[in-house]
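Enquirer: Sharing a structure below in C-alpha cells format, with a few things to ask.
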Amino acid sequence: MTGRSTAQRRLGVRLGALSVGQLVSWGILYYALIVAAPAIAAETGWTLPAITLAFSAGLTVSALSGILVGRWLDHRGPRLIMTAGALIGAIGLVVVSAAPNLVVFAAGWLVCGLGQSAVLYQAAFTVVTRRHGDGRRTAMTILTLAGGLASTVFAPIVAGLLTRLDWRATFLVLAIVLLALTLPLHWCFLERDWATLPPIRPDEPVHRVGSVVRTRRFWALETSMVALAIAVFSVTLAVIPLYMEKGLSYELAAWALGLLGAGQVIGRLVYVVLPHRTAPWVALATTSGLAAVLLGLMALVPGPPWLLIAIGVAAGAVRGAQTLVQGSSVADRWGTRNYGSINGVVAAPITAVSALGPALGPLVVGAVGSYSAMAIIMAGFAPIAFVAARWS
C-alpha cells in the first residue's frame, strides 16, 4: 500500500510539474503576443493583421511539426523533446525581440512554432495518455485547467511589463522566464524513456497511422473536429466586436470575453465528472450540437446584455469541453498504443484552423457586412460537425 501511495504521489508531482509547464508555455508562447500586438504595431508601424499573420504562421508550423513530435513521443521518452521545445521557443522569442523588420519577426514566430509543437497541449496529452492510462481524463482536465489559467496569469504580467519596458525588452524577459521555468521542469520531471508496454495480446488490435487514416472513421472524426473548430473559434474569438455590434460597450464586451474564458473552465470540469460509458462519438456529437445552438444564439439574440453574457459563458463551456473531447478522441477510438503518432495527424488540421481563427471572422465579415451575419454562417459548421460525429 505504501509503495502504491508513493507511486501515486510521484504521478501527482509529475502532473503538477507538467501543468505548471503548460501554464507558463501557453502564457508566453501564445497569449503574450495577443496582449502585446497593439504595442508592437504602434512602435513599429507594422499593421495588426500582418503581426497576427506572422503569429498564425508559427502556429501552422506547430501543427505540421506536431506530427513528427507525436511520432518521437511514441517511441522515445518526452524529456529530451520537450526540454528542446522550451529551448527552441526561447530562442524564437529572442529572434522576435531583436527583429529589425517584419520578415525577421515572422521568422522568429516560425521558430517559436517548432517549440510550441513540443511543449503545448498535443505533446502534453501524449505524455498524460501514456503515463496515466485509464486515468487520463482527470489528468487532462487538470492539465487544461492550468493552460486555461495562462491568459489570466500572463495577460496582466505582459501588460505590466509593457508599461515599464518596450515590447522588445518585454519579449526578451519572457524568453528568459520561459527558459528558467519550463526547461528545468521538463528535464527533471519528465520520463527519459518510456517503460516497456505490455506484450500485445493475440486478440488486441494494433492501430498505426497508415491503417487508421485509410478508415472512414478517421475522416469522419477529422471532418467533425475541423468543422467544430471553425465554428467555435471564429465566433468566440470575435465576441467583442459581435457584442459591441449589439449595443454593448467595449468594457462590457471585454468582460463578456473574460467570462467566456471562465466558461471554458466550467466546461472542462463538467466534462470530467460526466459518465463516459457511451460510444466515443456521443461526446463529440453532444459538443457539436450544443455549439450549433449556442453559437446560433450568440448570432441571433439581440439582448439584453446579461443574456448575451450568459450565452457567451455557455459557449465558452462548450469550447472548454471541446479541448478534452479532442484530447480523448484518439485513445477512445484506437487505444493508447501509437497515440502520439495518430494524434499528431488528427490534431494537425485542427491546430491549423485554430491558428487561423482570429482571422477567419474578420475575413467573413468583410464579405457579409456584419459580425452577426458572420456568426450565423460560421455557426453553420457546427451541424456539419454533429452529422460527421455520428460516423466517427
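Each chain in the C-alpha cells gets a letter, A, B, ..., in the order shown, and its residues are numbered from 1; ligands are numbered from 1 in order too.
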Give me the residues near segment 353-358 of chain A as a short mmCIF file (atom, residue, chain, number, x, y, z; two decimals) with N, CA and C atoms, in the first residue's frame, where near means some atom within 6 Å (using only C-alpha atoms) and where sequence neighbours in that chain fewer than 6 positions away do not count.
Expert:
```cif
data_model
loop_
_atom_site.label_atom_id
_atom_site.label_comp_id
_atom_site.auth_asym_id
_atom_site.auth_seq_id
_atom_site.Cartn_x
_atom_site.Cartn_y
_atom_site.Cartn_z
N SER A 56 0.21 33.49 -36.70
CA SER A 56 -0.53 32.36 -37.24
C SER A 56 0.37 31.43 -38.04
N LEU A 59 2.00 29.14 -35.65
CA LEU A 59 1.08 28.11 -35.20
C LEU A 59 0.87 27.03 -36.27
N PHE A 233 -14.08 28.64 -32.83
CA PHE A 233 -13.02 29.64 -32.72
C PHE A 233 -13.39 30.93 -33.46
N SER A 234 -13.99 30.84 -34.63
CA SER A 234 -14.29 32.04 -35.39
C SER A 234 -15.32 32.92 -34.67
#
```
Enquirer: Write out as a PyMOL selection string the residues lying within 10 Å of Ala238 of chain A, counting only C-alpha atoms and excluding same-chain residues fewer than 4 positions away.
Expert: chain A and resi 233-234+242-243+257+357-362+371+374-375
Enquirer: May I ask for the distance between atom CA of His186 of chain A and atom CA of Gly27 of chain A, given in Å to one decimal place?
Expert: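 Separation between atom CA of His186 of chain A and atom CA of Gly27 of chain A: 16.4 Å.
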Enquirer: Please identify every residue of segment 98-152 of chain A that has at least one atom no farther than 8 Å from an atom of segment 310-334 of chain A, counting only C-alpha atoms, and for each give the shortest atom pair and the distance in Å to one decimal, arranged by chain then increasing number, as a tab-separated table.
Expert:
```
residue	atom	partner	partner_atom	distance
A:Gln122	CA	A:Gly327	CA	7.6
A:Phe125	CA	A:Gly327	CA	6.4
A:Thr129	CA	A:Ala331	CA	7.7
A:Arg137	CA	A:Ser328	CA	7.2
A:Met140	CA	A:Leu324	CA	7.0
A:Thr141	CA	A:Leu324	CA	7.1
A:Thr144	CA	A:Leu324	CA	7.9
```
Enquirer: Could the residues in this selection be written to a file with N, CA and C atoms, as a PDB file, in the first residue's frame?
Expert:
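Below you can see part30.pdb, which holds the result:
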```
ATOM      1  N   GLN A 122      -0.763  19.238 -27.391  1.00  0.00           N
ATOM      2  CA  GLN A 122      -0.702  17.961 -28.097  1.00  0.00           C
ATOM      3  C   GLN A 122       0.408  17.068 -27.544  1.00  0.00           C
ATOM      4  N   PHE A 125      -0.656  16.005 -23.964  1.00  0.00           N
ATOM      5  CA  PHE A 125      -1.695  14.981 -23.984  1.00  0.00           C
ATOM      6  C   PHE A 125      -1.093  13.596 -24.223  1.00  0.00           C
ATOM      7  N   THR A 129      -1.531  10.565 -21.633  1.00  0.00           N
ATOM      8  CA  THR A 129      -2.164   9.321 -22.077  1.00  0.00           C
ATOM      9  C   THR A 129      -1.265   8.123 -21.808  1.00  0.00           C
ATOM     10  N   ARG A 137      -8.395  11.094 -18.374  1.00  0.00           N
ATOM     11  CA  ARG A 137      -9.353  12.195 -18.475  1.00  0.00           C
ATOM     12  C   ARG A 137      -9.185  13.184 -17.321  1.00  0.00           C
ATOM     13  N   MET A 140      -5.914  15.032 -17.902  1.00  0.00           N
ATOM     14  CA  MET A 140      -6.062  16.022 -18.970  1.00  0.00           C
ATOM     15  C   MET A 140      -6.838  17.242 -18.495  1.00  0.00           C
ATOM     16  N   THR A 141      -7.844  17.008 -17.654  1.00  0.00           N
ATOM     17  CA  THR A 141      -8.624  18.140 -17.137  1.00  0.00           C
ATOM     18  C   THR A 141      -7.749  19.050 -16.298  1.00  0.00           C
ATOM     19  N   THR A 144      -5.462  20.990 -18.638  1.00  0.00           N
ATOM     20  CA  THR A 144      -6.103  22.061 -19.410  1.00  0.00           C
ATOM     21  C   THR A 144      -6.629  23.178 -18.517  1.00  0.00           C
TER      22      THR A 144
END
```
Enquirer: Counting only C-alpha atoms, what is within 10 Å of Trp46 of chain A, bar same-chain residues fewer than 4 positions away, as a short mmCIF file (atom, residue, chain, number, x, y, z; two decimals) with N, CA and C atoms, in the first residue's frame?
Expert:
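Printed below is selection_17.cif as written:
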```
data_model
loop_
_atom_site.label_atom_id
_atom_site.label_comp_id
_atom_site.auth_asym_id
_atom_site.auth_seq_id
_atom_site.Cartn_x
_atom_site.Cartn_y
_atom_site.Cartn_z
N ALA A 37 0.44 42.78 -29.21
CA ALA A 37 0.32 43.16 -30.62
C ALA A 37 0.05 44.65 -30.84
N PRO A 38 -0.89 45.27 -30.10
CA PRO A 38 -1.11 46.72 -30.32
C PRO A 38 0.13 47.56 -30.05
N ILE A 40 3.26 46.56 -30.30
CA ILE A 40 4.21 46.30 -31.39
C ILE A 40 3.83 47.11 -32.62
N ALA A 41 2.53 47.13 -32.95
CA ALA A 41 2.07 47.89 -34.12
C ALA A 41 2.33 49.38 -33.95
N ALA A 42 2.07 49.89 -32.75
CA ALA A 42 2.25 51.33 -32.50
C ALA A 42 3.71 51.75 -32.62
N ALA A 50 -0.81 42.04 -40.16
CA ALA A 50 0.49 41.46 -40.52
C ALA A 50 1.14 40.79 -39.31
N ILE A 51 1.03 41.42 -38.15
CA ILE A 51 1.58 40.84 -36.92
C ILE A 51 0.86 39.54 -36.59
N ASN A 101 12.81 43.95 -38.83
CA ASN A 101 11.73 44.13 -39.80
C ASN A 101 10.73 43.00 -39.64
N LEU A 102 9.65 43.09 -40.40
CA LEU A 102 8.55 42.13 -40.27
C LEU A 102 8.95 40.73 -40.72
#
```
Enquirer: Looking only at the backbone, which of the residues in segment 60-221 of chain A does DSSP tag as helix (DSSP H, G or I), as a PyMOL selection string?
Expert: chain A and resi 60-75+78-98+102-119+121-148+150-164+167-189+209-212+216-221
Enquirer: For segment 104-108 of chain A, find every residue with an atom within 12 Å (counting only C-alpha atoms), except residues of its own chain fewer than 2 positions away, and show them as a tab-separated table (two decimals) with N, CA and C atoms, in the first residue's frame.
Expert:
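Generated output (part.tsv):
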```tsv
chain	number	residue	atom	x	y	z
A	29	LEU	N	4.20	31.68	-24.97
A	29	LEU	CA	4.30	31.37	-26.40
A	29	LEU	C	3.01	31.60	-27.16
A	33	LEU	N	1.75	37.43	-27.23
A	33	LEU	CA	1.67	38.18	-28.49
A	33	LEU	C	0.31	38.84	-28.65
A	40	ILE	N	3.26	46.56	-30.30
A	40	ILE	CA	4.21	46.30	-31.39
A	40	ILE	C	3.83	47.11	-32.62
A	44	THR	N	6.29	50.00	-34.23
A	44	THR	CA	7.00	49.65	-35.46
A	44	THR	C	6.32	50.18	-36.72
A	46	TRP	N	4.10	48.38	-38.17
A	46	TRP	CA	3.57	47.20	-38.82
A	46	TRP	C	2.07	47.12	-38.51
A	50	ALA	N	-0.81	42.04	-40.16
A	50	ALA	CA	0.49	41.46	-40.52
A	50	ALA	C	1.14	40.79	-39.31
A	51	ILE	N	1.03	41.42	-38.15
A	51	ILE	CA	1.58	40.84	-36.92
A	51	ILE	C	0.86	39.54	-36.59
A	52	THR	N	-0.48	39.56	-36.71
A	52	THR	CA	-1.27	38.36	-36.43
A	52	THR	C	-0.95	37.25	-37.42
A	53	LEU	N	-0.73	37.61	-38.68
A	53	LEU	CA	-0.41	36.61	-39.70
A	53	LEU	C	0.93	35.94	-39.40
A	54	ALA	N	1.91	36.71	-38.93
A	54	ALA	CA	3.20	36.13	-38.55
A	54	ALA	C	3.03	35.12	-37.43
A	55	PHE	N	2.21	35.48	-36.45
A	55	PHE	CA	1.91	34.59	-35.33
A	55	PHE	C	1.19	33.33	-35.81
A	56	SER	N	0.21	33.49	-36.70
A	56	SER	CA	-0.53	32.36	-37.24
A	56	SER	C	0.37	31.43	-38.04
A	57	ALA	N	1.35	32.00	-38.75
A	57	ALA	CA	2.30	31.17	-39.50
A	57	ALA	C	3.09	30.27	-38.55
A	58	GLY	N	3.46	30.81	-37.39
A	58	GLY	CA	4.15	29.99	-36.40
A	58	GLY	C	3.28	28.86	-35.89
A	59	LEU	N	2.00	29.14	-35.65
A	59	LEU	CA	1.08	28.11	-35.20
A	59	LEU	C	0.87	27.03	-36.27
A	61	VAL	N	3.20	26.10	-38.42
A	61	VAL	CA	4.42	25.28	-38.30
A	61	VAL	C	4.27	24.31	-37.13
A	88	ILE	N	14.02	25.88	-27.82
A	88	ILE	CA	13.74	26.44	-29.16
A	88	ILE	C	12.73	27.58	-29.06
A	89	GLY	N	11.71	27.43	-28.22
A	89	GLY	CA	10.75	28.50	-28.03
A	89	GLY	C	11.40	29.77	-27.52
A	90	ALA	N	12.32	29.62	-26.56
A	90	ALA	CA	13.02	30.79	-26.03
A	90	ALA	C	13.89	31.45	-27.10
A	91	ILE	N	14.58	30.63	-27.91
A	91	ILE	CA	15.40	31.19	-28.99
A	91	ILE	C	14.52	31.97	-29.97
A	92	GLY	N	13.35	31.40	-30.31
A	92	GLY	CA	12.43	32.10	-31.20
A	92	GLY	C	12.01	33.45	-30.64
A	93	LEU	N	11.75	33.52	-29.34
A	93	LEU	CA	11.36	34.80	-28.72
A	93	LEU	C	12.49	35.81	-28.76
A	94	VAL	N	13.72	35.34	-28.63
A	94	VAL	CA	14.88	36.25	-28.74
A	94	VAL	C	14.95	36.82	-30.15
A	95	VAL	N	14.72	35.98	-31.16
A	95	VAL	CA	14.70	36.47	-32.54
A	95	VAL	C	13.58	37.49	-32.72
A	96	VAL	N	12.40	37.20	-32.17
A	96	VAL	CA	11.27	38.13	-32.24
A	96	VAL	C	11.64	39.47	-31.62
A	97	SER	N	12.27	39.43	-30.45
A	97	SER	CA	12.59	40.67	-29.74
A	97	SER	C	13.61	41.53	-30.49
A	98	ALA	N	14.47	40.88	-31.27
A	98	ALA	CA	15.53	41.62	-31.97
A	98	ALA	C	15.18	41.92	-33.42
A	99	ALA	N	13.98	41.55	-33.87
A	99	ALA	CA	13.62	41.65	-35.29
A	99	ALA	C	13.68	43.09	-35.80
A	100	PRO	N	14.53	43.36	-36.81
A	100	PRO	CA	14.60	44.71	-37.38
A	100	PRO	C	13.48	45.01	-38.36
A	101	ASN	N	12.81	43.95	-38.83
A	101	ASN	CA	11.73	44.13	-39.80
A	101	ASN	C	10.73	43.00	-39.64
A	102	LEU	N	9.65	43.09	-40.40
A	102	LEU	CA	8.55	42.13	-40.27
A	102	LEU	C	8.95	40.73	-40.72
A	110	LEU	N	8.11	31.52	-36.59
A	110	LEU	CA	8.24	30.18	-37.16
A	110	LEU	C	9.09	29.29	-36.25
A	111	VAL	N	10.16	29.86	-35.69
A	111	VAL	CA	10.98	29.11	-34.74
A	111	VAL	C	10.17	28.80	-33.48
A	112	CYS	N	9.41	29.78	-33.00
A	112	CYS	CA	8.54	29.55	-31.84
A	112	CYS	C	7.56	28.42	-32.11
A	113	GLY	N	7.07	28.34	-33.36
A	113	GLY	CA	6.13	27.28	-33.71
A	113	GLY	C	6.74	25.90	-33.52
A	114	LEU	N	8.02	25.76	-33.85
A	114	LEU	CA	8.70	24.48	-33.60
A	114	LEU	C	8.70	24.16	-32.11
A	115	GLY	N	8.97	25.18	-31.30
A	115	GLY	CA	8.95	24.98	-29.85
A	115	GLY	C	7.56	24.65	-29.34
A	168	ARG	N	10.23	44.99	-27.17
A	168	ARG	CA	11.39	44.14	-27.42
A	168	ARG	C	11.99	43.62	-26.11
A	171	PHE	N	9.69	40.94	-24.56
A	171	PHE	CA	9.81	39.58	-25.09
A	171	PHE	C	11.14	38.94	-24.71
A	175	ALA	N	11.38	35.44	-22.75
A	175	ALA	CA	12.23	34.33	-23.20
A	175	ALA	C	13.04	33.77	-22.03
```
Enquirer: So, counting only C-alpha atoms, which residue among A:Leu183, A:Leu11, A:Leu295, A:Leu300 is closest to Leu87 of chain A?
Expert: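 Among the listed residues, the smallest separation from Leu87 of chain A belongs to A:Leu183.
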Enquirer: At what distance in Å, to one decimal, does atom CA of Leu228 of chain A lie from atom CA of Pro383 of chain A?
Expert: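 Distance between the two atoms: 8.5 Å.
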Enquirer: Any idea what the distance is between atom CA of Ala382 of chain A and atom CA of Ala227 of chain A?
Expert: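 Distance reported for this atom pair: 6.2 Å.
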Enquirer: Near Gly148 of chain A, counting only C-alpha atoms, which residues have an atom at most 9 Å away, once you skip same-chain residues fewer than 6 positions from it, shown as a PyMOL selection string?
Expert: chain A and resi 23+26+261-262+264-265+320
Enquirer: For the residues in the current selection, export N, CA and C atoms as an mmCIF file, in the first residue's frame.
Expert:
```cif
data_model
loop_
_atom_site.group_PDB
_atom_site.id
_atom_site.type_symbol
_atom_site.label_atom_id
_atom_site.label_comp_id
_atom_site.auth_asym_id
_atom_site.auth_seq_id
_atom_site.Cartn_x
_atom_site.Cartn_y
_atom_site.Cartn_z
ATOM 1 N N LEU A 23 1.000 26.100 -18.109
ATOM 2 C CA LEU A 23 0.633 27.463 -17.727
ATOM 3 C C LEU A 23 1.632 28.476 -18.278
ATOM 4 N N TRP A 26 1.879 28.279 -22.446
ATOM 5 C CA TRP A 26 0.747 28.939 -23.102
ATOM 6 C C TRP A 26 0.778 30.442 -22.854
ATOM 7 N N GLY A 261 -14.042 32.971 -21.180
ATOM 8 C CA GLY A 261 -12.872 32.184 -20.783
ATOM 9 C C GLY A 261 -13.124 31.405 -19.505
ATOM 10 N N ALA A 262 -13.826 32.039 -18.549
ATOM 11 C CA ALA A 262 -14.180 31.321 -17.316
ATOM 12 C C ALA A 262 -15.106 30.154 -17.619
ATOM 13 N N GLN A 264 -14.903 28.205 -20.082
ATOM 14 C CA GLN A 264 -14.098 27.062 -20.515
ATOM 15 C C GLN A 264 -13.731 26.170 -19.337
ATOM 16 N N VAL A 265 -13.404 26.809 -18.202
ATOM 17 C CA VAL A 265 -13.063 26.045 -17.003
ATOM 18 C C VAL A 265 -14.265 25.219 -16.555
ATOM 19 N N GLY A 320 -14.440 24.832 -23.929
ATOM 20 C CA GLY A 320 -13.562 24.150 -22.980
ATOM 21 C C GLY A 320 -13.686 22.645 -23.073
#
```
Enquirer: Please determine, counting only C-alpha atoms, which residue among A:Ala220, A:Val239, A:Ile350, A:Ala385 has the shortest atom-to-atom distance to Ala292 of chain A.
Expert: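 Nearest candidate to Ala292 of chain A out of A:Ala220, A:Val239, A:Ile350, A:Ala385: A:Ala385.
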